[in-house]
$ cat model_5.pdb   # PDB, C-alpha atoms
ATOM      1  CA  MET A 275      -1.821   4.557   0.089
ATOM      2  CA  ASN A 276      -3.984   1.520  -0.532
ATOM      3  CA  THR A 277      -5.840   3.302  -3.320
ATOM      4  CA  ASN A 278      -2.566   3.864  -5.176
ATOM      5  CA  SER A 279      -1.738   0.161  -5.052
ATOM      6  CA  ASN A 280      -5.302  -0.690  -6.178
ATOM      7  CA  SER A 281      -4.942   1.758  -9.036
ATOM      8  CA  ALA A 282      -1.600   0.246  -9.989
ATOM      9  CA  MET A 283      -3.087  -3.261  -9.847
ATOM     10  CA  GLN A 284      -6.034  -2.157 -12.016
ATOM     11  CA  GLU A 285      -3.665  -0.464 -14.454
ATOM     12  CA  THR A 286      -1.470  -3.543 -14.665
ATOM     13  CA  SER A 287      -4.510  -5.713 -15.077
ATOM     14  CA  ASP A 288      -5.770  -3.484 -17.918
ATOM     15  CA  ILE A 289      -2.380  -3.700 -19.587
ATOM     16  CA  GLN A 290      -2.344  -7.484 -19.299
ATOM     17  CA  LEU A 291      -5.871  -7.712 -20.692
ATOM     18  CA  LEU A 292      -4.949  -5.388 -23.553
ATOM     19  CA  GLU A 293      -1.929  -7.518 -24.424
ATOM     20  CA  ARG A 294      -4.198 -10.565 -24.547
ATOM     21  CA  CYS A 295      -6.705  -8.633 -26.690
ATOM     22  CA  LEU A 296      -4.017  -7.694 -29.168
ATOM     23  CA  ALA A 297      -3.087 -11.365 -29.353
ATOM     24  CA  GLY A 298      -6.694 -12.056 -30.427
ATOM     25  CA  ASP A 299      -8.267 -13.016 -27.089
ATOM     26  CA  ARG A 300     -11.863 -11.753 -27.297
ATOM     27  CA  ASP A 301     -12.633 -12.936 -23.773
ATOM     28  CA  ALA A 302      -9.999 -10.536 -22.450
ATOM     29  CA  TYR A 303     -11.782  -7.712 -24.244
ATOM     30  CA  GLY A 304     -15.033  -8.925 -22.703
ATOM     31  CA  SER A 305     -13.410  -8.463 -19.292
ATOM     32  CA  LEU A 306     -12.490  -4.880 -20.174
ATOM     33  CA  VAL A 307     -16.031  -4.222 -21.401
ATOM     34  CA  ALA A 308     -17.466  -5.614 -18.168
ATOM     35  CA  ARG A 309     -15.064  -3.448 -16.162
ATOM     36  CA  TYR A 310     -15.916  -0.166 -17.928
ATOM     37  CA  GLN A 311     -19.442  -0.525 -19.272
ATOM     38  CA  GLY A 312     -20.990   1.090 -16.187
ATOM     39  CA  LEU A 313     -18.733   4.114 -16.562
ATOM     40  CA  ILE A 314     -19.383   4.522 -20.284
ATOM     41  CA  CYS A 315     -23.154   4.020 -19.929
ATOM     42  CA  SER A 316     -23.219   6.582 -17.109
ATOM     43  CA  MET A 317     -21.308   9.124 -19.172
ATOM     44  CA  ALA A 318     -23.678   8.650 -22.084
ATOM     45  CA  PHE A 319     -26.815   8.782 -19.930
ATOM     46  CA  CYS A 320     -25.706  11.983 -18.201
ATOM     47  CA  ALA A 321     -25.121  13.627 -21.563
ATOM     48  CA  LEU A 322     -28.100  12.239 -23.474
ATOM     49  CA  GLY A 323     -30.742  11.704 -20.788
ATOM     50  CA  ASN A 324     -32.040   8.607 -22.556
ATOM     51  CA  ILE A 325     -31.259   5.091 -21.340
ATOM     52  CA  THR A 326     -31.738   3.415 -24.731
ATOM     53  CA  ARG A 327     -29.530   5.900 -26.570
ATOM     54  CA  SER A 328     -26.905   5.682 -23.826
ATOM     55  CA  GLU A 329     -26.751   1.887 -24.034
ATOM     56  CA  ASP A 330     -26.479   2.039 -27.832
ATOM     57  CA  LEU A 331     -23.734   4.617 -27.580
ATOM     58  CA  ALA A 332     -21.836   2.525 -25.020
ATOM     59  CA  GLN A 333     -21.981  -0.453 -27.349
ATOM     60  CA  GLU A 334     -20.754   1.715 -30.222
ATOM     61  CA  THR A 335     -17.916   2.947 -27.995
ATOM     62  CA  PHE A 336     -16.690  -0.571 -27.266
ATOM     63  CA  ILE A 337     -16.973  -1.633 -30.903
ATOM     64  CA  THR A 338     -14.999   1.426 -32.011
ATOM     65  CA  ALA A 339     -12.370   0.796 -29.334
ATOM     66  CA  TRP A 340     -12.027  -2.844 -30.408
ATOM     67  CA  LYS A 341     -11.499  -1.810 -34.025
ATOM     68  CA  LYS A 342      -8.920   0.846 -33.072
ATOM     69  CA  LEU A 343      -7.144  -1.080 -30.343
ATOM     70  CA  GLN A 344      -3.978  -1.232 -32.465
ATOM     71  CA  ASP A 345      -3.871   2.601 -32.401
ATOM     72  CA  LEU A 346      -3.642   2.758 -28.595
ATOM     73  CA  ARG A 347      -0.042   3.746 -27.902
ATOM     74  CA  GLU A 348      -0.051   4.006 -24.108
ATOM     75  CA  ARG A 349      -1.804   0.931 -22.767
ATOM     76  CA  ARG A 350      -1.839   2.306 -19.231
ATOM     77  CA  LYS A 351      -4.160   5.093 -20.459
ATOM     78  CA  PHE A 352      -6.820   2.724 -21.788
ATOM     79  CA  LYS A 353      -9.550   4.091 -19.515
ATOM     80  CA  SER A 354      -9.041   7.716 -20.564
ATOM     81  CA  TRP A 355      -8.695   6.662 -24.225
ATOM     82  CA  LEU A 356     -11.987   4.774 -23.974
ATOM     83  CA  CYS A 357     -13.683   7.763 -22.302
ATOM     84  CA  GLY A 358     -12.370   9.979 -25.106
ATOM     85  CA  ILE A 359     -13.984   7.719 -27.698
ATOM     86  CA  ALA A 360     -17.240   7.851 -25.734
ATOM     87  CA  ARG A 361     -17.093  11.671 -25.473
ATOM     88  CA  ASN A 362     -16.582  12.001 -29.219
ATOM     89  CA  LEU A 363     -19.479   9.661 -29.967
ATOM     90  CA  ILE A 364     -21.686  11.490 -27.455
ATOM     91  CA  ASN A 365     -20.889  14.845 -29.053
ATOM     92  CA  ASN A 366     -21.580  13.439 -32.514
ATOM     93  CA  SER A 367     -24.879  12.000 -31.325
ATOM     94  CA  ILE A 368     -25.944  15.294 -29.779
ATOM     95  CA  ARG A 369     -25.073  17.161 -32.970
ATOM     96  CA  ARG A 370     -26.843  14.594 -35.140
ATOM     97  CA  GLN A 371     -30.056  14.180 -33.162
ATOM     98  CA  GLY A 372     -30.047  17.222 -30.962
ATOM     99  CA  ARG A 373     -31.058  17.314 -27.355
ATOM    100  CA  SER A 374     -33.619  19.584 -25.866
ATOM    101  CA  ALA A 375     -35.284  19.740 -22.505
ATOM    102  CA  THR A 376     -38.624  19.095 -24.195
ATOM    103  CA  GLU A 377     -37.554  16.055 -26.225
ATOM    104  CA  GLY A 378     -40.275  13.445 -25.857
ATOM    105  CA  ALA A 379     -42.567  15.830 -23.995
ATOM    106  CA  VAL A 380     -46.294  15.875 -24.683
ATOM    107  CA  GLN A 381     -47.910  19.074 -25.940
ATOM    108  CA  LEU A 382     -50.016  20.745 -23.268
ATOM    109  CA  ASP A 383     -52.912  21.110 -25.701
ATOM    110  CA  SER A 384     -53.062  17.364 -26.141
ATOM    111  CA  VAL A 385     -53.283  16.614 -22.429
ATOM    112  CA  LEU A 386     -56.812  16.065 -21.212
ATOM    113  CA  ASP A 387     -57.969  18.436 -18.525
ATOM    114  CA  SER A 388     -58.040  16.151 -15.527
ATOM    115  CA  ALA A 389     -59.186  18.281 -12.655
ATOM    116  CA  SER A 390     -58.888  16.936  -9.167
ATOM    117  CA  PRO A 391     -62.146  15.780  -7.576
ATOM    118  CA  LEU A 392     -61.140  17.757  -4.474
ATOM    119  CA  PRO A 393     -62.264  21.361  -4.104
ATOM    120  CA  THR A 394     -59.743  24.044  -5.045
ATOM    121  CA  PRO A 395     -58.116  26.048  -2.237
ATOM    122  CA  SER A 396     -60.391  29.011  -2.909
ATOM    123  CA  GLU A 397     -63.475  26.750  -2.810
ATOM    124  CA  GLN A 398     -62.235  25.304   0.461
ATOM    125  CA  ALA A 399     -61.801  28.810   1.931
ATOM    126  CA  VAL A 400     -65.329  29.836   0.901
ATOM    127  CA  SER A 401     -66.714  26.602   2.291
ATOM    128  CA  HIS A 402     -64.869  27.158   5.559
ATOM    129  CA  ASP A 403     -66.210  30.737   5.791
ATOM    130  CA  GLU A 404     -69.754  29.534   5.043
ATOM    131  CA  ALA A 405     -69.502  26.891   7.755
ATOM    132  CA  ALA A 406     -68.236  29.498  10.250
ATOM    133  CA  LEU A 407     -71.158  31.794   9.376
ATOM    134  CA  ALA A 408     -73.619  28.950   9.798
ATOM    135  CA  TRP A 409     -72.292  28.166  13.278
ATOM    136  CA  GLN A 410     -72.650  31.794  14.338
TER     137      GLN A 410
END

$ encode --input "model_5.pdb" --output "structure tokens"
Amino acid sequence: MNTNSNSAMQETSDIQLLERCLAGDRDAYGSLVARYQGLICSMAFCALGNITRSEDLAQETFITAWKKLQDLRERRKFKSWLCGIARNLINNSIRRQGRSATEGAVQLDSVLDSASPLPTPSEQAVSHDEAALAWQ
């Protein structure tokens, strides 16, 4: 039951901050950014796998939201509206730049062969057998 009242308080607080934003209060928008930047950055990082791109995308999300704040009809749905903007920007970014599992990977041919100084398992087995024979 306490979570419902916390949610209602958060929702009311968002609505109050949005009203102040629409009246031109940039500090109120800064409070909303501080409240949701972790969420938006996390969404972007999970989708893009790159911290720099995710931070840039989060910033773009908040700038876009600020510019379109007048279009928000249901102030109590600010969080989902903001996440929708982020999802659209994420999808556009993925389409534009692509994302592959090998993005940023180094070609195997270019990696120097850095063998371990330790003997391989087969060399260890032969060495163990040779030592056993010597003791017999």

$ atom_distance --input "model_5.pdb" --atom1 "CA of Ser354 in chain A" --atom2 "CA of Met317 in chain A"
12.4 Å

$ resolve_selection --input "model_5.pdb" --expression "the PyMOL selection byres ((chain A and resi 329) around 12)" --output "list in words"
Gln311, Gly312, Leu313, Ile314, Cys315, Ser316, Met317, Ala318, Phe319, Cys320, Leu322, Gly323, Asn324, Ile325, Thr326, Arg327, Ser328, Asp330, Leu331, Ala332, Gln333, Glu334, Thr335, Phe336, Ala360 and Ile364 of chain A

$ write_last_selection --input "model_5.pdb" --atoms "C-alpha atoms" --output "CSV table (one decimal), in the frame of the given file"
chain,number,residue,atom,x,y,z
A,311,GLN,CA,-19.4,-0.5,-19.3
A,312,GLY,CA,-21.0,1.1,-16.2
A,313,LEU,CA,-18.7,4.1,-16.6
A,314,ILE,CA,-19.4,4.5,-20.3
A,315,CYS,CA,-23.2,4.0,-19.9
A,316,SER,CA,-23.2,6.6,-17.1
A,317,MET,CA,-21.3,9.1,-19.2
A,318,ALA,CA,-23.7,8.6,-22.1
A,319,PHE,CA,-26.8,8.8,-19.9
A,320,CYS,CA,-25.7,12.0,-18.2
A,322,LEU,CA,-28.1,12.2,-23.5
A,323,GLY,CA,-30.7,11.7,-20.8
A,324,ASN,CA,-32.0,8.6,-22.6
A,325,ILE,CA,-31.3,5.1,-21.3
A,326,THR,CA,-31.7,3.4,-24.7
A,327,ARG,CA,-29.5,5.9,-26.6
A,328,SER,CA,-26.9,5.7,-23.8
A,330,ASP,CA,-26.5,2.0,-27.8
A,331,LEU,CA,-23.7,4.6,-27.6
A,332,ALA,CA,-21.8,2.5,-25.0
A,333,GLN,CA,-22.0,-0.5,-27.3
A,334,GLU,CA,-20.8,1.7,-30.2
A,335,THR,CA,-17.9,2.9,-28.0
A,336,PHE,CA,-16.7,-0.6,-27.3
A,360,ALA,CA,-17.2,7.9,-25.7
A,364,ILE,CA,-21.7,11.5,-27.5

$ atom_distance --input "model_5.pdb" --atom1 "CA of Gly298 in chain A" --atom2 "CA of Lys342 in chain A"
13.4 Å

$ residues_around --input "model_5.pdb" --residues "Asp345 in chain A" --least-positions-apart "3" --cutoff "12 Å" --atoms "all atoms listed in the file" --output "PyMOL selection string"
chain A and resi 292+296+338-342+348-349+352+355-356

$ atom_distance --input "model_5.pdb" --atom1 "CA of Leu346 in chain A" --atom2 "CA of Arg300 in chain A"
16.7 Å

$ resolve_selection --input "model_5.pdb" --expression "the PyMOL selection byres ((chain A and resi 290) around 12)" --output "PyMOL selection string"
chain A and resi 283-289+291-297+299+302-303+305-306+349-350+352
